[in-house]
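As provided, input23.txt (compact mmCIF, N, CA and C atoms) reads as follows.
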# COMPACT_ATOMS: atom_id res chain seq x y z
N MET A 17 97.52 92.64 105.31
CA MET A 17 96.29 93.00 104.63
C MET A 17 95.10 92.45 105.42
N ALA A 18 94.06 93.21 105.45
CA ALA A 18 92.80 92.77 106.04
C ALA A 18 91.74 92.82 104.94
N GLN A 19 90.86 91.85 104.90
CA GLN A 19 89.75 91.87 103.95
C GLN A 19 88.45 92.04 104.72
N LEU A 20 87.68 93.02 104.27
CA LEU A 20 86.36 93.29 104.84
C LEU A 20 85.40 93.47 103.68
N THR A 21 84.11 93.38 103.98
CA THR A 21 83.17 93.78 102.95
C THR A 21 83.23 95.30 102.86
N ILE A 22 82.94 95.82 101.69
CA ILE A 22 82.95 97.27 101.50
C ILE A 22 81.97 97.93 102.46
N ARG A 23 80.82 97.32 102.66
CA ARG A 23 79.82 97.87 103.58
C ARG A 23 80.37 97.95 105.01
N ASP A 24 81.07 96.90 105.47
CA ASP A 24 81.60 96.91 106.83
C ASP A 24 82.68 97.97 107.00
N LEU A 25 83.55 98.13 106.00
CA LEU A 25 84.58 99.16 106.09
C LEU A 25 83.96 100.55 106.05
N TYR A 26 82.96 100.74 105.20
CA TYR A 26 82.27 102.03 105.12
C TYR A 26 81.63 102.37 106.47
N ASP A 27 80.93 101.39 107.05
CA ASP A 27 80.30 101.61 108.36
C ASP A 27 81.33 101.93 109.43
N LEU A 28 82.47 101.25 109.39
CA LEU A 28 83.55 101.50 110.36
C LEU A 28 84.06 102.93 110.21
N LEU A 29 84.40 103.33 108.99
CA LEU A 29 84.94 104.68 108.77
C LEU A 29 83.92 105.78 109.05
N SER A 30 82.65 105.48 108.85
CA SER A 30 81.62 106.50 109.11
C SER A 30 81.50 106.82 110.60
N ARG A 31 82.05 105.99 111.45
CA ARG A 31 82.03 106.23 112.90
C ARG A 31 83.15 107.15 113.36
N ALA A 32 84.07 107.48 112.45
CA ALA A 32 85.19 108.36 112.82
C ALA A 32 84.67 109.75 113.17
N PRO A 33 85.21 110.36 114.21
CA PRO A 33 84.80 111.72 114.57
C PRO A 33 85.15 112.71 113.47
N ARG A 34 84.42 113.80 113.43
CA ARG A 34 84.72 114.86 112.47
C ARG A 34 86.07 115.48 112.79
N ARG A 35 86.70 115.99 111.78
CA ARG A 35 88.05 116.54 111.92
C ARG A 35 88.11 117.63 113.00
N ARG A 36 87.12 118.48 113.03
CA ARG A 36 87.16 119.59 114.01
C ARG A 36 86.94 119.12 115.44
N ASP A 37 86.49 117.86 115.61
CA ASP A 37 86.29 117.31 116.95
C ASP A 37 87.53 116.61 117.50
N LEU A 38 88.60 116.60 116.72
CA LEU A 38 89.82 115.91 117.13
C LEU A 38 90.91 116.90 117.53
N GLU A 39 91.70 116.52 118.51
CA GLU A 39 92.87 117.32 118.85
C GLU A 39 93.95 117.15 117.79
N GLN A 40 94.07 115.94 117.28
CA GLN A 40 95.01 115.64 116.19
C GLN A 40 94.20 115.11 115.02
N ASP A 41 94.57 115.51 113.80
CA ASP A 41 93.83 115.08 112.63
C ASP A 41 94.24 113.67 112.23
N GLY A 42 93.69 112.68 112.88
CA GLY A 42 94.04 111.32 112.52
C GLY A 42 93.17 110.29 113.19
N ILE A 43 92.92 109.22 112.45
CA ILE A 43 92.27 108.06 113.02
C ILE A 43 93.26 106.91 112.96
N ARG A 44 93.13 105.99 113.89
CA ARG A 44 94.00 104.82 113.92
C ARG A 44 93.18 103.60 113.55
N LEU A 45 93.71 102.81 112.66
CA LEU A 45 93.14 101.52 112.33
C LEU A 45 94.13 100.46 112.80
N VAL A 46 93.65 99.54 113.62
CA VAL A 46 94.49 98.47 114.14
C VAL A 46 93.85 97.15 113.74
N TYR A 47 94.63 96.33 113.04
CA TYR A 47 94.18 95.01 112.60
C TYR A 47 94.88 93.96 113.45
N ASP A 48 94.11 93.09 114.09
CA ASP A 48 94.70 92.09 114.97
C ASP A 48 94.69 90.68 114.37
N GLY A 49 94.36 90.57 113.10
CA GLY A 49 94.29 89.27 112.45
C GLY A 49 92.88 88.80 112.22
N THR A 50 91.91 89.36 112.96
CA THR A 50 90.51 88.99 112.78
C THR A 50 89.57 90.21 112.75
N THR A 51 90.00 91.31 113.33
CA THR A 51 89.14 92.48 113.47
C THR A 51 89.94 93.75 113.21
N VAL A 52 89.29 94.74 112.58
CA VAL A 52 89.89 96.06 112.44
C VAL A 52 89.22 96.97 113.47
N HIS A 53 90.04 97.60 114.31
CA HIS A 53 89.56 98.49 115.36
C HIS A 53 89.84 99.94 114.94
N LEU A 54 88.89 100.82 115.21
CA LEU A 54 89.03 102.24 114.91
C LEU A 54 89.15 103.02 116.21
N SER A 55 90.17 103.86 116.28
CA SER A 55 90.33 104.80 117.39
C SER A 55 90.85 106.10 116.79
N THR A 56 91.18 107.06 117.63
CA THR A 56 91.71 108.33 117.13
C THR A 56 93.17 108.46 117.52
N ALA A 57 93.90 109.31 116.79
CA ALA A 57 95.32 109.51 117.08
C ALA A 57 95.52 110.09 118.47
N ASP A 58 94.59 110.93 118.93
CA ASP A 58 94.74 111.54 120.24
C ASP A 58 94.26 110.65 121.38
N ARG A 59 93.51 109.59 121.08
CA ARG A 59 93.05 108.62 122.09
C ARG A 59 93.16 107.21 121.53
N PRO A 60 94.38 106.73 121.34
CA PRO A 60 94.57 105.45 120.66
C PRO A 60 94.03 104.23 121.40
N ASP A 61 93.86 104.33 122.71
CA ASP A 61 93.38 103.18 123.49
C ASP A 61 91.86 103.11 123.60
N THR A 62 91.15 104.11 123.07
CA THR A 62 89.69 104.13 123.13
C THR A 62 89.13 103.67 121.79
N VAL A 63 88.63 102.44 121.75
CA VAL A 63 88.08 101.88 120.51
C VAL A 63 86.69 102.46 120.28
N ILE A 64 86.52 103.10 119.12
CA ILE A 64 85.24 103.71 118.76
C ILE A 64 84.35 102.70 118.05
N ALA A 65 84.95 101.91 117.17
CA ALA A 65 84.19 100.93 116.39
C ALA A 65 85.12 99.81 115.97
N ARG A 66 84.53 98.69 115.59
CA ARG A 66 85.31 97.57 115.09
C ARG A 66 84.52 96.86 114.01
N ALA A 67 85.25 96.21 113.11
CA ALA A 67 84.62 95.43 112.04
C ALA A 67 85.38 94.12 111.89
N ASP A 68 84.64 93.03 111.82
CA ASP A 68 85.27 91.72 111.62
C ASP A 68 85.72 91.58 110.17
N THR A 69 86.83 90.93 109.99
CA THR A 69 87.35 90.69 108.66
C THR A 69 86.88 89.33 108.16
N CYS A 70 87.05 89.11 106.88
CA CYS A 70 86.71 87.83 106.28
C CYS A 70 87.72 87.55 105.17
N GLY A 71 87.76 86.36 104.68
CA GLY A 71 88.71 86.06 103.62
C GLY A 71 90.08 85.77 104.18
N PHE A 72 91.11 86.30 103.54
CA PHE A 72 92.49 86.03 103.91
C PHE A 72 92.81 86.56 105.30
N VAL A 73 93.72 85.88 105.98
CA VAL A 73 94.22 86.31 107.28
C VAL A 73 95.71 86.57 107.13
N THR A 74 96.16 87.72 107.57
CA THR A 74 97.58 88.06 107.52
C THR A 74 98.02 88.55 108.88
N GLY A 75 99.27 88.94 108.97
CA GLY A 75 99.80 89.46 110.22
C GLY A 75 99.14 90.76 110.62
N SER A 76 99.21 91.05 111.90
CA SER A 76 98.58 92.26 112.42
C SER A 76 99.36 93.50 112.00
N TRP A 77 98.67 94.65 112.00
CA TRP A 77 99.29 95.93 111.68
C TRP A 77 98.45 97.05 112.28
N GLU A 78 99.03 98.24 112.29
CA GLU A 78 98.29 99.44 112.70
C GLU A 78 98.79 100.60 111.86
N VAL A 79 97.91 101.55 111.63
CA VAL A 79 98.25 102.71 110.81
C VAL A 79 97.40 103.90 111.26
N THR A 80 97.95 105.09 111.14
CA THR A 80 97.20 106.31 111.39
C THR A 80 96.92 106.97 110.06
N ALA A 81 95.67 107.29 109.81
CA ALA A 81 95.25 107.92 108.56
C ALA A 81 94.67 109.30 108.87
N TYR A 82 94.76 110.19 107.92
CA TYR A 82 94.21 111.53 108.11
C TYR A 82 92.71 111.54 107.85
N THR A 83 91.97 112.16 108.75
CA THR A 83 90.52 112.22 108.56
C THR A 83 90.16 113.09 107.37
N ALA A 84 91.04 113.98 106.96
CA ALA A 84 90.76 114.84 105.82
C ALA A 84 90.56 114.03 104.54
N SER A 85 91.15 112.86 104.46
CA SER A 85 91.03 112.06 103.24
C SER A 85 89.85 111.09 103.28
N LEU A 86 89.15 110.99 104.39
CA LEU A 86 88.06 110.02 104.50
C LEU A 86 86.89 110.32 103.57
N ALA A 87 86.55 111.56 103.37
CA ALA A 87 85.37 111.90 102.57
C ALA A 87 85.50 111.37 101.14
N SER A 88 86.65 111.53 100.52
CA SER A 88 86.81 111.05 99.15
C SER A 88 86.84 109.53 99.09
N VAL A 89 87.45 108.88 100.08
CA VAL A 89 87.47 107.42 100.12
C VAL A 89 86.05 106.88 100.28
N MET A 90 85.28 107.49 101.16
CA MET A 90 83.92 107.02 101.39
C MET A 90 83.02 107.28 100.19
N ALA A 91 83.23 108.38 99.48
CA ALA A 91 82.46 108.65 98.26
C ALA A 91 82.75 107.57 97.22
N TRP A 92 84.01 107.18 97.09
CA TRP A 92 84.38 106.12 96.17
C TRP A 92 83.72 104.80 96.56
N MET A 93 83.72 104.48 97.86
CA MET A 93 83.13 103.21 98.30
C MET A 93 81.63 103.16 98.08
N ARG A 94 80.95 104.30 98.12
CA ARG A 94 79.50 104.32 97.89
C ARG A 94 79.15 103.89 96.47
N MET A 95 80.09 103.99 95.54
CA MET A 95 79.82 103.60 94.16
C MET A 95 80.02 102.10 93.93
N LEU A 96 80.53 101.39 94.92
CA LEU A 96 80.85 99.97 94.78
C LEU A 96 79.78 99.11 95.41
N ASP A 97 79.76 97.84 95.07
CA ASP A 97 78.85 96.88 95.67
C ASP A 97 79.28 96.61 97.10
N GLY A 98 78.43 96.91 98.04
CA GLY A 98 78.76 96.79 99.46
C GLY A 98 79.08 95.39 99.92
N GLU A 99 78.68 94.38 99.17
CA GLU A 99 78.96 93.00 99.56
C GLU A 99 80.31 92.50 99.05
N ASP A 100 80.92 93.23 98.11
CA ASP A 100 82.23 92.83 97.61
C ASP A 100 83.28 93.03 98.70
N LEU A 101 84.37 92.31 98.58
CA LEU A 101 85.46 92.44 99.54
C LEU A 101 86.40 93.57 99.13
N ILE A 102 86.98 94.20 100.14
CA ILE A 102 87.99 95.23 99.91
C ILE A 102 89.21 94.85 100.74
N ASP A 103 90.38 95.01 100.12
CA ASP A 103 91.64 94.75 100.81
C ASP A 103 92.12 96.05 101.43
N VAL A 104 92.53 95.99 102.67
CA VAL A 104 93.06 97.16 103.37
C VAL A 104 94.45 96.79 103.87
N ALA A 105 95.45 97.55 103.43
CA ALA A 105 96.83 97.22 103.82
C ALA A 105 97.67 98.48 103.92
N PRO A 106 98.49 98.58 104.96
CA PRO A 106 99.45 99.69 105.04
C PRO A 106 100.71 99.34 104.26
N PHE A 107 101.34 100.34 103.71
CA PHE A 107 102.65 100.19 103.07
C PHE A 107 103.65 100.92 103.94
N TRP A 108 104.79 100.32 104.18
CA TRP A 108 105.78 100.89 105.08
C TRP A 108 106.94 101.52 104.31
N ALA A 109 107.47 102.56 104.89
CA ALA A 109 108.81 103.06 104.55
C ALA A 109 109.56 102.83 105.85
N SER A 110 109.82 103.89 106.62
CA SER A 110 110.34 103.68 107.97
C SER A 110 109.20 103.58 108.97
N ALA A 111 108.03 104.02 108.55
CA ALA A 111 106.80 103.91 109.34
C ALA A 111 105.66 103.81 108.34
N PRO A 112 104.47 103.35 108.76
CA PRO A 112 103.36 103.29 107.80
C PRO A 112 103.10 104.68 107.21
N VAL A 113 103.06 104.76 105.90
CA VAL A 113 102.88 106.05 105.27
C VAL A 113 101.68 106.08 104.33
N VAL A 114 101.23 104.94 103.86
CA VAL A 114 100.11 104.89 102.92
C VAL A 114 99.18 103.77 103.32
N LEU A 115 97.89 104.02 103.27
CA LEU A 115 96.90 102.98 103.49
C LEU A 115 96.27 102.67 102.14
N ALA A 116 96.46 101.47 101.64
CA ALA A 116 95.97 101.09 100.32
C ALA A 116 94.65 100.36 100.45
N LEU A 117 93.70 100.72 99.60
CA LEU A 117 92.41 100.06 99.53
C LEU A 117 92.28 99.52 98.12
N ALA A 118 91.98 98.24 97.98
CA ALA A 118 91.88 97.66 96.65
C ALA A 118 90.69 96.73 96.58
N THR A 119 89.96 96.80 95.49
CA THR A 119 88.85 95.91 95.25
C THR A 119 89.12 95.14 93.98
N GLY A 120 88.39 94.08 93.79
CA GLY A 120 88.51 93.28 92.59
C GLY A 120 87.26 92.46 92.38
N ALA A 121 87.17 91.88 91.22
CA ALA A 121 86.00 91.03 90.93
C ALA A 121 86.07 89.78 91.80
N ARG A 122 84.93 89.29 92.15
CA ARG A 122 84.90 88.03 92.90
C ARG A 122 85.37 86.92 91.98
N PRO A 123 86.20 86.02 92.47
CA PRO A 123 86.65 84.92 91.62
C PRO A 123 85.49 83.99 91.28
N GLY A 124 85.50 83.50 90.07
CA GLY A 124 84.48 82.55 89.65
C GLY A 124 84.86 81.14 90.09
N PRO A 125 84.03 80.14 89.77
CA PRO A 125 84.33 78.77 90.14
C PRO A 125 85.66 78.33 89.55
N GLY A 126 86.45 77.68 90.35
CA GLY A 126 87.72 77.13 89.89
C GLY A 126 88.86 78.13 89.84
N LEU A 127 88.65 79.37 90.23
CA LEU A 127 89.73 80.36 90.21
C LEU A 127 90.33 80.54 91.59
Now, as a test, write the supplied structure out as structure tokens.
Amino acid sequence: MAQLTIRDLYDLLSRAPRRRDLEQDGIRLVYDGTTVHLSTADRPDTVIARADTCGFVTGSWEVTAYTASLASVMAWMRMLDGEDLIDVAPFWASAPVVLALATGARPGPGL
């Protein structure tokens, strides 16, 4: 899992090329433990954008997501407080198949 502010993840995803500009319909998100890097499925070694994570640190991961689903995810994020944290984590079967995004209330004192 990677934790970013909603604003940072939104800014990262907004840098993804439009679907018609890609040879393959996919973006790659690579988390190295401190930063999430954005590239495309057809050019995985070319980093388009990156966002630093904050909060919890977990093991590294990478996942390919379809650009067709970005519009609805970004619309949902626009309704949230951009300073809140969002958890980003892939779920595996035999390969990463789902990218989960989860938000929650900020913990209060002592929680």
Which of chain A DSSP labels strand (DSSP E), written as an MDAnalysis selection string
chainID A and resid 18:21 43:47 51:56 65:68 77:81 101:108 112:119
Please produce a file of those selected residues containing N, CA and C atoms, as a CSV table (one decimal), in the frame of the given file.
chain,number,residue,atom,x,y,z
A,18,ALA,N,94.1,93.2,105.4
A,18,ALA,CA,92.8,92.8,106.0
A,18,ALA,C,91.7,92.8,104.9
A,19,GLN,N,90.9,91.8,104.9
A,19,GLN,CA,89.8,91.9,104.0
A,19,GLN,C,88.4,92.0,104.7
A,20,LEU,N,87.7,93.0,104.3
A,20,LEU,CA,86.4,93.3,104.8
A,20,LEU,C,85.4,93.5,103.7
A,21,THR,N,84.1,93.4,104.0
A,21,THR,CA,83.2,93.8,103.0
A,21,THR,C,83.2,95.3,102.9
A,43,ILE,N,92.9,109.2,112.4
A,43,ILE,CA,92.3,108.1,113.0
A,43,ILE,C,93.3,106.9,113.0
A,44,ARG,N,93.1,106.0,113.9
A,44,ARG,CA,94.0,104.8,113.9
A,44,ARG,C,93.2,103.6,113.6
A,45,LEU,N,93.7,102.8,112.7
A,45,LEU,CA,93.1,101.5,112.3
A,45,LEU,C,94.1,100.5,112.8
A,46,VAL,N,93.6,99.5,113.6
A,46,VAL,CA,94.5,98.5,114.1
A,46,VAL,C,93.8,97.2,113.7
A,47,TYR,N,94.6,96.3,113.0
A,47,TYR,CA,94.2,95.0,112.6
A,47,TYR,C,94.9,94.0,113.4
A,51,THR,N,90.0,91.3,113.3
A,51,THR,CA,89.1,92.5,113.5
A,51,THR,C,89.9,93.8,113.2
A,52,VAL,N,89.3,94.7,112.6
A,52,VAL,CA,89.9,96.1,112.4
A,52,VAL,C,89.2,97.0,113.5
A,53,HIS,N,90.0,97.6,114.3
A,53,HIS,CA,89.6,98.5,115.4
A,53,HIS,C,89.8,99.9,114.9
A,54,LEU,N,88.9,100.8,115.2
A,54,LEU,CA,89.0,102.2,114.9
A,54,LEU,C,89.2,103.0,116.2
A,55,SER,N,90.2,103.9,116.3
A,55,SER,CA,90.3,104.8,117.4
A,55,SER,C,90.8,106.1,116.8
A,56,THR,N,91.2,107.1,117.6
A,56,THR,CA,91.7,108.3,117.1
A,56,THR,C,93.2,108.5,117.5
A,65,ALA,N,85.0,101.9,117.2
A,65,ALA,CA,84.2,100.9,116.4
A,65,ALA,C,85.1,99.8,116.0
A,66,ARG,N,84.5,98.7,115.6
A,66,ARG,CA,85.3,97.6,115.1
A,66,ARG,C,84.5,96.9,114.0
A,67,ALA,N,85.2,96.2,113.1
A,67,ALA,CA,84.6,95.4,112.0
A,67,ALA,C,85.4,94.1,111.9
A,68,ASP,N,84.6,93.0,111.8
A,68,ASP,CA,85.3,91.7,111.6
A,68,ASP,C,85.7,91.6,110.2
A,77,TRP,N,98.7,94.6,112.0
A,77,TRP,CA,99.3,95.9,111.7
A,77,TRP,C,98.4,97.0,112.3
A,78,GLU,N,99.0,98.2,112.3
A,78,GLU,CA,98.3,99.4,112.7
A,78,GLU,C,98.8,100.6,111.9
A,79,VAL,N,97.9,101.6,111.6
A,79,VAL,CA,98.2,102.7,110.8
A,79,VAL,C,97.4,103.9,111.3
A,80,THR,N,98.0,105.1,111.1
A,80,THR,CA,97.2,106.3,111.4
A,80,THR,C,96.9,107.0,110.1
A,81,ALA,N,95.7,107.3,109.8
A,81,ALA,CA,95.2,107.9,108.6
A,81,ALA,C,94.7,109.3,108.9
A,101,LEU,N,84.4,92.3,98.6
A,101,LEU,CA,85.5,92.4,99.5
A,101,LEU,C,86.4,93.6,99.1
A,102,ILE,N,87.0,94.2,100.1
A,102,ILE,CA,88.0,95.2,99.9
A,102,ILE,C,89.2,94.8,100.7
A,103,ASP,N,90.4,95.0,100.1
A,103,ASP,CA,91.6,94.8,100.8
A,103,ASP,C,92.1,96.0,101.4
A,104,VAL,N,92.5,96.0,102.7
A,104,VAL,CA,93.1,97.2,103.4
A,104,VAL,C,94.4,96.8,103.9
A,105,ALA,N,95.4,97.6,103.4
A,105,ALA,CA,96.8,97.2,103.8
A,105,ALA,C,97.7,98.5,103.9
A,106,PRO,N,98.5,98.6,105.0
A,106,PRO,CA,99.4,99.7,105.0
A,106,PRO,C,100.7,99.3,104.3
A,107,PHE,N,101.3,100.3,103.7
A,107,PHE,CA,102.6,100.2,103.1
A,107,PHE,C,103.6,100.9,103.9
A,108,TRP,N,104.8,100.3,104.2
A,108,TRP,CA,105.8,100.9,105.1
A,108,TRP,C,106.9,101.5,104.3
A,112,PRO,N,104.5,103.4,108.8
A,112,PRO,CA,103.4,103.3,107.8
A,112,PRO,C,103.1,104.7,107.2
A,113,VAL,N,103.1,104.8,105.9
A,113,VAL,CA,102.9,106.0,105.3
A,113,VAL,C,101.7,106.1,104.3
A,114,VAL,N,101.2,104.9,103.9
A,114,VAL,CA,100.1,104.9,102.9
A,114,VAL,C,99.2,103.8,103.3
A,115,LEU,N,97.9,104.0,103.3
A,115,LEU,CA,96.9,103.0,103.5
A,115,LEU,C,96.3,102.7,102.1
A,116,ALA,N,96.5,101.5,101.6
A,116,ALA,CA,96.0,101.1,100.3
A,116,ALA,C,94.6,100.4,100.4
A,117,LEU,N,93.7,100.7,99.6
A,117,LEU,CA,92.4,100.1,99.5
A,117,LEU,C,92.3,99.5,98.1
A,118,ALA,N,92.0,98.2,98.0
A,118,ALA,CA,91.9,97.7,96.6
A,118,ALA,C,90.7,96.7,96.6
A,119,THR,N,90.0,96.8,95.5
A,119,THR,CA,88.8,95.9,95.2
A,119,THR,C,89.1,95.1,94.0
I want to know what sits within 7 Å of stretch 25-41 of chain A, based on only N, CA and C atoms, with residues of the same chain fewer than 5 positions away left out; could you give that as a JSON list (two decimals) with N, CA and C atoms, in the coordinates of the input?
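Final output, saved to result.json:
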[["chain", "number", "residue", "atom", "x", "y", "z"],
["A", 20, "LEU", "N", 87.68, 93.02, 104.27],
["A", 20, "LEU", "CA", 86.36, 93.29, 104.84],
["A", 20, "LEU", "C", 85.40, 93.47, 103.68],
["A", 54, "LEU", "N", 88.89, 100.82, 115.21],
["A", 54, "LEU", "CA", 89.03, 102.24, 114.91],
["A", 54, "LEU", "C", 89.15, 103.02, 116.21],
["A", 57, "ALA", "N", 93.90, 109.31, 116.79],
["A", 57, "ALA", "CA", 95.32, 109.51, 117.08],
["A", 57, "ALA", "C", 95.52, 110.09, 118.47],
["A", 58, "ASP", "N", 94.59, 110.93, 118.93],
["A", 58, "ASP", "CA", 94.74, 111.54, 120.24],
["A", 58, "ASP", "C", 94.26, 110.65, 121.38],
["A", 64, "ILE", "N", 86.52, 103.10, 119.12],
["A", 64, "ILE", "CA", 85.24, 103.71, 118.76],
["A", 64, "ILE", "C", 84.35, 102.70, 118.05],
["A", 65, "ALA", "N", 84.95, 101.91, 117.17],
["A", 65, "ALA", "CA", 84.19, 100.93, 116.39],
["A", 65, "ALA", "C", 85.12, 99.81, 115.97],
["A", 66, "ARG", "N", 84.53, 98.69, 115.59],
["A", 66, "ARG", "CA", 85.31, 97.57, 115.09],
["A", 66, "ARG", "C", 84.52, 96.86, 114.01],
["A", 67, "ALA", "N", 85.25, 96.21, 113.11],
["A", 67, "ALA", "CA", 84.62, 95.43, 112.04],
["A", 67, "ALA", "C", 85.38, 94.12, 111.89],
["A", 81, "ALA", "N", 95.67, 107.29, 109.81],
["A", 81, "ALA", "CA", 95.25, 107.92, 108.56],
["A", 81, "ALA", "C", 94.67, 109.30, 108.87],
["A", 82, "TYR", "N", 94.76, 110.19, 107.92],
["A", 82, "TYR", "CA", 94.21, 111.53, 108.11],
["A", 82, "TYR", "C", 92.71, 111.54, 107.85],
["A", 83, "THR", "N", 91.97, 112.16, 108.75],
["A", 83, "THR", "CA", 90.52, 112.22, 108.56],
["A", 83, "THR", "C", 90.16, 113.09, 107.37],
["A", 84, "ALA", "N", 91.04, 113.98, 106.96],
["A", 84, "ALA", "CA", 90.76, 114.84, 105.82],
["A", 84, "ALA", "C", 90.56, 114.03, 104.54],
["A", 90, "MET", "N", 85.28, 107.49, 101.16],
["A", 90, "MET", "CA", 83.92, 107.02, 101.39],
["A", 90, "MET", "C", 83.02, 107.28, 100.19],
["A", 93, "MET", "N", 83.72, 104.48, 97.86],
["A", 93, "MET", "CA", 83.13, 103.21, 98.30],
["A", 93, "MET", "C", 81.63, 103.16, 98.08]]
re atom CA of A:Thr21 and atom CA of A:Trp92: distance 14.1 Å
Report as a list in words all protein, DNA and RNA residues lying within 7 Å of A:Asp48, evaluated on only C-alpha atoms, omitting residues in the same chain fewer than 3 positions from it.
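Residues meeting the cut-off are Thr51, Val52, Ser76 and Trp77 of chain A.
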Quick one, how far is atom N of A:Met95 from atom CA of A:Thr80?
23.4 Å
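When all atoms listed in the file are used to compute distances to A:Asp68, the closest of the residues A:Thr119, A:Gly49, A:Leu86, A:Val104 turns out to be A:Gly49.
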Atom CA of A:Val63 to atom CA of A:Thr50: how many Å, to one decimal?
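We find that atom CA of A:Val63 and atom CA of A:Thr50 lie 15.2 Å from each other.
Nearest to A:Ala116 of all the residues A:His53, A:Val89, A:Ile43, A:Leu101 is A:Val89, counting only C-alpha atoms.
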Could you tell me, as number ranges by chain, which residues of chain A DSSP assigns to helix (DSSP H, G or I) when given the backbone?
A: 22-30, 35-37, 83-94
Taking all atoms of stretch 32-42 of chain A that appear in the file, build a box with edges along x, y and z, extend it by 4 Å on every side, and state its centre and edge lengths in Å to one decimal, as lines of an AutoDock Vina configuration file.
center_x = 89.5
center_y = 113.5
center_z = 115.3
size_x = 18.9
size_y = 20.1
size_z = 15.1
Tell me which of A:Arg23, A:Pro60, A:Leu115, A:Gly42 sits closest to A:Asp100, counting only N, CA and C atoms.
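Looking at the shortest contact to A:Asp100, the residue is A:Arg23.
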